[in-house]
file input-v4.tsv (TSV, C-alpha atoms)
chain	number	residue	atom	x	y	z
A	1407	MET	CA	0.00	0.00	0.00
A	1408	THR	CA	1.38	3.43	-0.97
A	1409	LYS	CA	2.31	5.51	2.08
A	1410	THR	CA	0.85	9.01	1.91
A	1411	LYS	CA	1.27	12.04	4.14
A	1412	ARG	CA	-1.82	13.82	5.34
A	1413	VAL	CA	-2.11	17.60	5.24
A	1414	VAL	CA	-4.75	19.85	6.80
A	1415	ILE	CA	-5.14	23.53	5.86
A	1416	PHE	CA	-6.54	26.23	8.13
A	1417	PRO	CA	-7.77	29.42	6.43
A	1418	ASP	CA	-8.23	32.91	7.93
A	1419	ALA	CA	-9.69	33.03	11.45
A	1420	HIS	CA	-9.00	36.62	12.57
A	1421	TRP	CA	-8.57	35.89	16.27
A	1422	PRO	CA	-10.02	37.27	18.55
A	1423	PHE	CA	-12.88	37.80	16.06
A	1424	HIS	CA	-12.97	34.10	15.19
A	1425	ASP	CA	-16.18	32.12	15.21
A	1426	LYS	CA	-15.73	30.03	18.35
A	1427	LYS	CA	-17.90	27.14	17.16
A	1428	ALA	CA	-16.27	27.04	13.72
A	1429	TRP	CA	-12.79	27.10	15.27
A	1430	ALA	CA	-13.67	24.29	17.66
A	1431	LEU	CA	-15.10	22.21	14.80
A	1432	ALA	CA	-12.00	22.82	12.67
A	1433	CYS	CA	-9.71	21.64	15.46
A	1434	LYS	CA	-11.88	18.62	16.24
A	1435	ALA	CA	-12.10	17.50	12.61
A	1436	ALA	CA	-8.40	18.14	11.98
A	1437	LYS	CA	-7.42	16.11	15.03
A	1438	GLY	CA	-9.64	13.25	13.89
A	1439	PHE	CA	-7.99	13.34	10.45
A	1440	LYS	CA	-4.56	12.85	12.11
A	1441	PRO	CA	-2.51	15.07	9.78
A	1442	ASP	CA	1.23	14.80	9.34
A	1443	ILE	CA	1.35	18.45	8.25
A	1444	LEU	CA	-0.73	21.44	9.34
A	1445	ILE	CA	-0.62	24.62	7.26
A	1446	ASN	CA	-2.16	27.88	8.46
A	1447	LEU	CA	-2.69	30.28	5.55
A	1448	GLY	CA	-2.43	33.47	7.63
A	1449	ASP	CA	-4.75	36.16	8.97
A	1450	CYS	CA	-5.15	33.83	11.90
A	1451	TYR	CA	-4.68	36.96	14.01
A	1452	ASP	CA	-6.52	40.19	13.34
A	1453	PHE	CA	-4.19	42.78	14.94
A	1454	ASN	CA	-7.16	45.12	15.21
A	1455	ALA	CA	-5.22	47.48	17.47
A	1456	THR	CA	-2.74	48.27	14.69
A	1457	LYS	CA	-5.13	48.52	11.73
A	1458	ARG	CA	-5.12	51.75	9.77
A	1459	HIS	CA	-8.89	51.96	9.37
A	1460	ARG	CA	-11.33	53.04	12.07
A	1461	LYS	CA	-12.19	50.80	14.99
A	1462	LEU	CA	-15.79	49.55	15.02
A	1463	PRO	CA	-17.79	50.60	18.09
A	1464	LYS	CA	-19.41	47.14	18.20
A	1465	MET	CA	-16.03	45.42	18.51
A	1466	ASP	CA	-14.72	44.40	21.90
A	1467	LYS	CA	-13.04	47.52	23.26
A	1468	ASP	CA	-10.26	45.34	24.67
A	1469	THR	CA	-9.06	44.74	21.13
A	1470	TRP	CA	-8.34	48.44	20.75
A	1471	SER	CA	-5.43	47.77	23.10
A	1472	LEU	CA	-2.68	45.65	21.56
A	1473	GLU	CA	-1.68	44.25	24.95
A	1474	LYS	CA	-5.22	43.06	25.70
A	1475	GLU	CA	-5.74	41.76	22.17
A	1476	LEU	CA	-2.55	39.70	22.36
A	1477	ARG	CA	-3.71	38.10	25.61
A	1478	LYS	CA	-6.96	37.03	23.94
A	1479	VAL	CA	-5.26	35.30	20.97
A	1480	GLN	CA	-2.74	33.15	22.86
A	1481	PRO	CA	-4.88	29.95	22.77
A	1482	ALA	CA	-4.88	29.76	18.93
A	1483	ALA	CA	-1.35	28.40	18.52
A	1484	ARG	CA	-1.83	25.93	21.39
A	1485	ASP	CA	-5.07	24.67	19.85
A	1486	MET	CA	-3.37	24.01	16.52
A	1487	LEU	CA	-0.35	22.27	18.07
A	1488	ALA	CA	-2.74	20.04	20.04
A	1489	ILE	CA	-3.96	18.61	16.71
A	1490	GLY	CA	-0.73	16.63	16.70
A	1491	ALA	CA	0.85	17.25	13.28
A	1492	LYS	CA	4.56	16.53	13.07
A	1493	ARG	CA	5.14	19.58	10.89
A	1494	ASN	CA	3.40	22.90	11.50
A	1495	ILE	CA	3.63	25.77	9.01
A	1496	PHE	CA	2.37	29.31	9.53
A	1497	ILE	CA	2.16	31.73	6.59
A	1498	MET	CA	1.93	35.39	7.54
A	1499	GLY	CA	-1.11	37.23	6.19
A	1500	ASN	CA	-1.76	40.90	5.62
A	1501	HIS	CA	-3.24	41.21	9.12
A	1502	GLU	CA	-0.10	39.84	10.75
A	1503	ASP	CA	1.78	42.26	8.51
A	1504	ASN	CA	-0.32	45.12	9.95
A	1505	PHE	CA	1.88	45.10	13.03
A	1506	ASP	CA	5.16	45.37	11.11
A	1507	ARG	CA	3.76	48.16	8.94
A	1508	TYR	CA	2.46	49.97	12.01
A	1509	ILE	CA	5.93	49.91	13.59
A	1510	ALA	CA	7.56	50.99	10.33
A	1511	ASP	CA	5.14	53.92	9.97
A	1512	ARG	CA	4.72	55.04	13.57
A	1513	ALA	CA	7.84	53.96	15.43
A	1514	PRO	CA	10.63	52.93	13.05
A	1515	GLU	CA	13.13	53.15	15.90
A	1516	LEU	CA	11.51	50.03	17.37
A	1517	ALA	CA	11.80	47.95	14.18
A	1518	GLY	CA	13.30	44.57	14.93
A	1519	LEU	CA	12.55	44.67	18.65
A	1520	PHE	CA	9.20	42.92	18.29
A	1521	ASP	CA	8.62	39.62	16.54
A	1522	VAL	CA	5.06	38.81	15.44
A	1523	PRO	CA	5.36	35.01	15.94
A	1524	GLU	CA	6.67	35.58	19.45
A	1525	LEU	CA	3.91	38.08	20.26
A	1526	VAL	CA	1.13	35.62	19.36
A	1527	GLY	CA	2.76	32.51	20.82
A	1528	LEU	CA	4.07	30.86	17.65
A	1529	ASP	CA	7.16	29.18	19.11
A	1530	GLU	CA	9.64	29.10	16.24
A	1531	ASP	CA	11.00	25.78	17.53
A	1532	LYS	CA	7.60	24.28	16.75
A	1533	TRP	CA	6.52	26.31	13.72
A	1534	GLU	CA	7.96	27.02	10.28
A	1535	ILE	CA	7.22	30.68	9.61
A	1536	VAL	CA	6.67	31.91	6.03
A	1537	GLY	CA	6.63	35.65	5.41
A	1538	TYR	CA	3.76	37.66	4.01
A	1539	ARG	CA	3.87	37.92	0.19
A	1540	ASP	CA	5.91	34.73	0.16
A	1541	ASP	CA	4.99	31.09	-0.33
A	1542	ILE	CA	6.06	27.58	0.53
A	1543	LYS	CA	5.90	24.50	-1.65
A	1544	VAL	CA	4.70	21.35	0.11
A	1545	GLY	CA	4.39	18.35	-2.12
A	1546	SER	CA	3.32	19.64	-5.52
A	1547	VAL	CA	1.38	22.65	-4.19
A	1548	TYR	CA	2.40	26.24	-3.47
A	1549	TYR	CA	0.76	27.71	-0.36
A	1550	THR	CA	0.50	31.46	0.18
A	1551	HIS	CA	-1.78	33.93	1.93
A	1552	GLU	CA	-2.42	35.84	-1.30
A	1553	CYS	CA	-0.52	36.98	-4.36
A	1554	GLY	CA	-2.32	40.22	-5.10
A	1555	PHE	CA	-5.81	39.03	-5.95
A	1556	ALA	CA	-9.10	39.17	-4.05
A	1557	GLY	CA	-12.75	38.59	-4.79
A	1558	ALA	CA	-14.63	35.84	-6.58
A	1559	ASN	CA	-11.95	35.26	-9.26
A	1560	ALA	CA	-8.94	35.14	-6.95
A	1561	VAL	CA	-8.40	31.39	-7.26
A	1562	ARG	CA	-8.45	31.52	-11.06
A	1563	GLN	CA	-6.13	34.54	-11.12
A	1564	SER	CA	-3.72	33.06	-8.60
A	1565	GLN	CA	-3.55	29.77	-10.45
A	1566	ALA	CA	-2.84	31.61	-13.71
A	1567	ALA	CA	-0.11	33.66	-12.00
A	1568	TYR	CA	1.61	30.56	-10.62
A	1569	GLY	CA	0.98	28.33	-13.62
A	1570	SER	CA	0.93	25.54	-11.07
A	1571	ASN	CA	-0.97	24.17	-8.10
A	1572	VAL	CA	-1.72	26.90	-5.56
A	1573	VAL	CA	-3.76	27.28	-2.38
A	1574	HIS	CA	-4.36	30.68	-0.82
A	1575	GLY	CA	-6.38	32.33	1.93
A	1576	HIS	CA	-7.47	35.98	2.12
A	1577	THR	CA	-10.84	35.83	0.31
A	1578	HIS	CA	-12.85	33.93	2.96
A	1579	ARG	CA	-14.45	31.96	0.10
A	1580	VAL	CA	-14.54	28.26	-0.69
A	1581	SER	CA	-13.40	27.83	-4.27
A	1582	TYR	CA	-11.87	24.83	-6.03
A	1583	LEU	CA	-10.68	24.85	-9.63
A	1584	VAL	CA	-8.87	22.24	-11.72
A	1585	ARG	CA	-7.47	23.21	-15.10
A	1586	SER	CA	-5.32	21.35	-17.59
A	1587	ASN	CA	-2.50	22.75	-19.73
A	1588	ILE	CA	-1.53	21.95	-23.31
A	1589	ARG	CA	0.49	18.95	-22.09
A	1590	GLY	CA	-2.53	17.49	-20.34
A	1591	GLN	CA	-1.18	18.26	-16.88
A	1592	SER	CA	-3.88	19.12	-14.36
A	1593	HIS	CA	-3.34	21.91	-11.84
A	1594	VAL	CA	-5.51	22.75	-8.86
A	1595	GLY	CA	-6.26	26.15	-7.39
A	1596	ALA	CA	-8.15	26.42	-4.14
A	1597	SER	CA	-9.25	28.52	-1.21
A	1598	PHE	CA	-10.93	26.88	1.74
A	1599	GLY	CA	-13.10	29.58	3.32
A	1600	TRP	CA	-12.45	31.04	6.73
A	1601	LEU	CA	-13.12	30.55	10.45
A	1602	GLY	CA	-14.05	34.09	11.43
A	1603	ASP	CA	-17.24	35.71	12.70
A	1604	SER	CA	-18.96	37.55	9.85
A	1605	ARG	CA	-20.83	39.74	12.33
A	1606	GLN	CA	-17.52	41.51	12.99
A	1607	ILE	CA	-17.07	42.51	9.34
A	1608	ASP	CA	-17.94	46.09	8.36
A	1609	TYR	CA	-16.60	46.45	4.81
A	1610	MET	CA	-19.33	44.35	3.14
A	1611	HIS	CA	-23.12	44.43	3.24
A	1612	ARG	CA	-24.58	41.78	5.54
A	1613	VAL	CA	-26.14	39.92	2.60
A	1614	SER	CA	-22.85	39.78	0.70
A	1615	ARG	CA	-20.74	38.62	3.62
A	1616	GLN	CA	-23.20	35.90	4.58
A	1617	ARG	CA	-23.37	34.69	0.99
A	1618	GLU	CA	-19.65	34.82	0.18
A	1619	MET	CA	-17.91	33.97	3.46
A	1620	VAL	CA	-18.04	30.25	4.18
A	1621	HIS	CA	-16.63	28.36	7.14
A	1622	GLY	CA	-14.40	25.44	6.26
A	1623	ILE	CA	-10.94	23.90	6.12
A	1624	GLY	CA	-8.99	21.94	3.53
A	1625	TYR	CA	-7.34	18.56	3.71
A	1626	GLY	CA	-5.52	16.18	1.42
A	1627	TYR	CA	-2.88	13.57	0.75
A	1628	ILE	CA	0.70	13.82	-0.48
A	1629	LEU	CA	2.07	10.81	-2.34
A	1630	PRO	CA	5.74	9.80	-2.00
A	1631	ASN	CA	6.53	11.51	-5.33
A	1632	GLY	CA	5.02	14.79	-4.06
A	1633	GLU	CA	1.80	14.51	-6.04
A	1634	THR	CA	-0.90	16.10	-3.90
A	1635	HIS	CA	-4.66	15.53	-3.84
A	1636	LEU	CA	-6.66	18.18	-1.98
A	1637	ARG	CA	-10.29	18.41	-0.87
A	1638	PRO	CA	-12.40	21.31	0.42
A	1639	ALA	CA	-14.31	20.60	3.64
A	1640	PRO	CA	-17.01	23.28	4.01
A	1641	PHE	CA	-18.99	23.45	7.23
A	1642	ILE	CA	-22.70	22.90	6.61
A	1643	LYS	CA	-25.22	23.42	9.42
A	1644	GLY	CA	-22.51	23.00	12.02
A	1645	LYS	CA	-21.13	19.78	10.56
A	1646	VAL	CA	-18.23	18.70	8.35
A	1647	ILE	CA	-17.51	15.33	6.77
A	1648	ILE	CA	-13.94	14.09	6.29
A	1649	GLU	CA	-13.21	10.55	5.09
A	1650	GLY	CA	-16.83	9.62	5.67
A	1651	ARG	CA	-16.77	10.66	9.33
A	1652	ILE	CA	-19.17	13.35	10.51
A	1653	TYR	CA	-17.87	15.94	12.95
A	1654	LYS	CA	-20.27	18.26	14.76
call {"tool": "encode", "arguments": {"input": "input-v4.tsv", "output": "structure tokens"}}
result
Amino acid sequence: MTKTKRVVIFPDAHWPFHDKKAWALACKAAKGFKPDILINLGDCYDFNATKRHRKLPKMDKDTWSLEKELRKVQPAARDMLAIGAKRNIFIMGNHEDNFDRYIADRAPELAGLFDVPELVGLDEDKWEIVGYRDDIKVGSVYYTHECGFAGANAVRQSQAAYGSNVVHGHTHRVSYLVRSNIRGQSHVGASFGWLGDSRQIDYMHRVSRQREMVHGIGYGYILPNGETHLRPAPFIKGKVIIEGRIYK
């Protein structure tokens, strides 16, 4: 029997504005899948305190303070490590990058004194950290937070840009596309939704965000030659099915 490695992919969660039930379901299902590799696609942390745009009155006032926000997000890394993957990869998103840009703009003298992974509890002895606007190839797939595209066509545009297999976060959508080239080689492009709370979003109409933003994760198998087979696992009515097993 061919030995495969199992990979699970976590999309944007925006802690502390994550959906608590969706996050718990993601961790439960991922643990049951027993992955060898866990990949977080970034924007796991919101860094609301360092955003450039206005703070929403309805948001928890504690998140207007970076110190208090950081205290609230500490469980995320521990939850993911508890899934038990041997290899854990974290890709920085634009929200993690908010902090570095804030320091560069407001207090450049402090650049280099603060490390985002350390601030949020991503122990670099346990995590491989990939920078924002960078990628990592695992098996036959490139993983990145985003490569400059957003919206409904982001998967198609990202796949065209890479000319290869690519998985990204950022859009909060579930999208899965397989295309073949002139040589008959199939390439997959995918995004696997998000794990955030849409009630905390203010830049889209309620109807649009409820229609477009879907809770879910991704999972798949890597063959010994690197060939990778991925599957979306959207959450439907508080349930997700992976390998025929229902998680609630």
call {"tool": "closest_residue", "arguments": {"input": "input-v4.tsv", "among": "A:Gly1527, A:Pro1630, A:Gly1644, A:Gly1602", "to": "Phe1423 of chain A", "atoms": "only C-alpha atoms"}}
result
A:Gly1602
call {"tool": "closest_residue", "arguments": {"input": "input-v4.tsv", "among": "A:Asp1521, A:Asp1425, A:Glu1633, A:Glu1475", "to": "Asp1506 of chain A", "atoms": "only C-alpha atoms"}}
result
A:Asp1521
call {"tool": "atom_distance", "arguments": {"input": "input-v4.tsv", "atom1": "atom CA of Gly1622 of chain A", "atom2": "atom CA of Phe1641 of chain A"}}
result
5.1 Å
call {"tool": "atom_distance", "arguments": {"input": "input-v4.tsv", "atom1": "atom CA of Glu1649 of chain A", "atom2": "atom CA of Ile1623 of chain A"}}
result
13.6 Å
call {"tool": "residues_around", "arguments": {"input": "input-v4.tsv", "residues": "Pro1638 of chain A", "least_positions_apart": "4", "cutoff": "9 Å", "atoms": "all atoms listed in the file", "output": "VMD selection string"}}
result
chain A and resid 1580 to 1582 1596 to 1599 1622 to 1626
call {"tool": "closest_residue", "arguments": {"input": "input-v4.tsv", "among": "A:Ala1428, A:Leu1636, A:Leu1472, A:Ala1488", "to": "Asn1504 of chain A", "atoms": "all atoms listed in the file"}}
result
A:Leu1472
call {"tool": "residues_around", "arguments": {"input": "input-v4.tsv", "residues": "Thr1456 of chain A", "least_positions_apart": "2", "cutoff": "6 Å", "atoms": "all atoms listed in the file", "output": "VMD selection string"}}
result
chain A and resid 1453 to 1454 1505
call {"tool": "residues_near_point", "arguments": {"input": "input-v4.tsv", "point": "(-3.1, 30.3, 2.4)", "cutoff": "6 Å", "atoms": "all atoms listed in the file", "output": "list of chain:residue names"}}
result
A:Leu1447, A:Tyr1549, A:Thr1550, A:His1551, A:Val1573, A:His1574, A:Gly1575
call {"tool": "residues_around", "arguments": {"input": "input-v4.tsv", "residues": "Thr1577 of chain A", "least_positions_apart": "6", "cutoff": "9 Å", "atoms": "only C-alpha atoms", "output": "ChimeraX atom specification"}}
result
/A:1418,1552,1555-1558,1560,1597,1599-1600,1618-1619
call {"tool": "residues_around", "arguments": {"input": "input-v4.tsv", "residues": "Ala1566 of chain A", "least_positions_apart": "6", "cutoff": "10 Å", "atoms": "only C-alpha atoms", "output": "PyMOL selection string"}}
result
chain A and resi 1560+1572+1585+1593+1595
call {"tool": "write_last_selection", "arguments": {"input": "input-v4.tsv", "atoms": "C-alpha atoms", "output": "short mmCIF file (atom, residue, chain, number, x, y, z; two decimals), keeping the file's coordinate frame"}}
result
data_model
loop_
_atom_site.label_atom_id
_atom_site.label_comp_id
_atom_site.auth_asym_id
_atom_site.auth_seq_id
_atom_site.Cartn_x
_atom_site.Cartn_y
_atom_site.Cartn_z
CA ALA A 1560 -8.94 35.14 -6.95
CA VAL A 1572 -1.72 26.90 -5.56
CA ARG A 1585 -7.47 23.21 -15.10
CA HIS A 1593 -3.34 21.91 -11.84
CA GLY A 1595 -6.26 26.15 -7.39
#
call {"tool": "closest_residue", "arguments": {"input": "input-v4.tsv", "among": "A:Ile1588, A:Ile1509, A:Ile1443, A:Leu1431", "to": "Tyr1653 of chain A", "atoms": "only C-alpha atoms"}}
result
A:Leu1431
call {"tool": "residues_around", "arguments": {"input": "input-v4.tsv", "residues": "Ile1642 of chain A", "least_positions_apart": "4", "cutoff": "10 Å", "atoms": "all atoms listed in the file", "output": "list in words"}}
result
Val1620, His1621, Gly1622, Val1646, Ile1647 and Lys1654 of chain A
call {"tool": "write_last_selection", "arguments": {"input": "input-v4.tsv", "atoms": "C-alpha atoms", "output": "CSV table (one decimal), in the frame of the given file"}}
result
chain,number,residue,atom,x,y,z
A,1620,VAL,CA,-18.0,30.2,4.2
A,1621,HIS,CA,-16.6,28.4,7.1
A,1622,GLY,CA,-14.4,25.4,6.3
A,1646,VAL,CA,-18.2,18.7,8.4
A,1647,ILE,CA,-17.5,15.3,6.8
A,1654,LYS,CA,-20.3,18.3,14.8
call {"tool": "atom_distance", "arguments": {"input": "input-v4.tsv", "atom1": "atom CA of Leu1583 of chain A", "atom2": "atom CA of Asn1571 of chain A"}}
result
9.9 Å
call {"tool": "closest_residue", "arguments": {"input": "input-v4.tsv", "among": "A:Asn1500, A:Thr1410, A:Tyr1627, A:His1578", "to": "Asp1603 of chain A", "atoms": "only C-alpha atoms"}}
result
A:His1578
call {"tool": "residues_near_point", "arguments": {"input": "input-v4.tsv", "point": "(-6.4, 28.7, 13.9)", "cutoff": "7 Å", "atoms": "only C-alpha atoms", "output": "VMD selection string"}}
result
chain A and resid 1416 1419 1429 1446 1450 1482 to 1483 1486
call {"tool": "closest_residue", "arguments": {"input": "input-v4.tsv", "among": "A:Pro1441, A:Gly1554, A:Pro1417, A:Gly1518", "to": "Arg1493 of chain A", "atoms": "all atoms listed in the file"}}
result
A:Pro1441
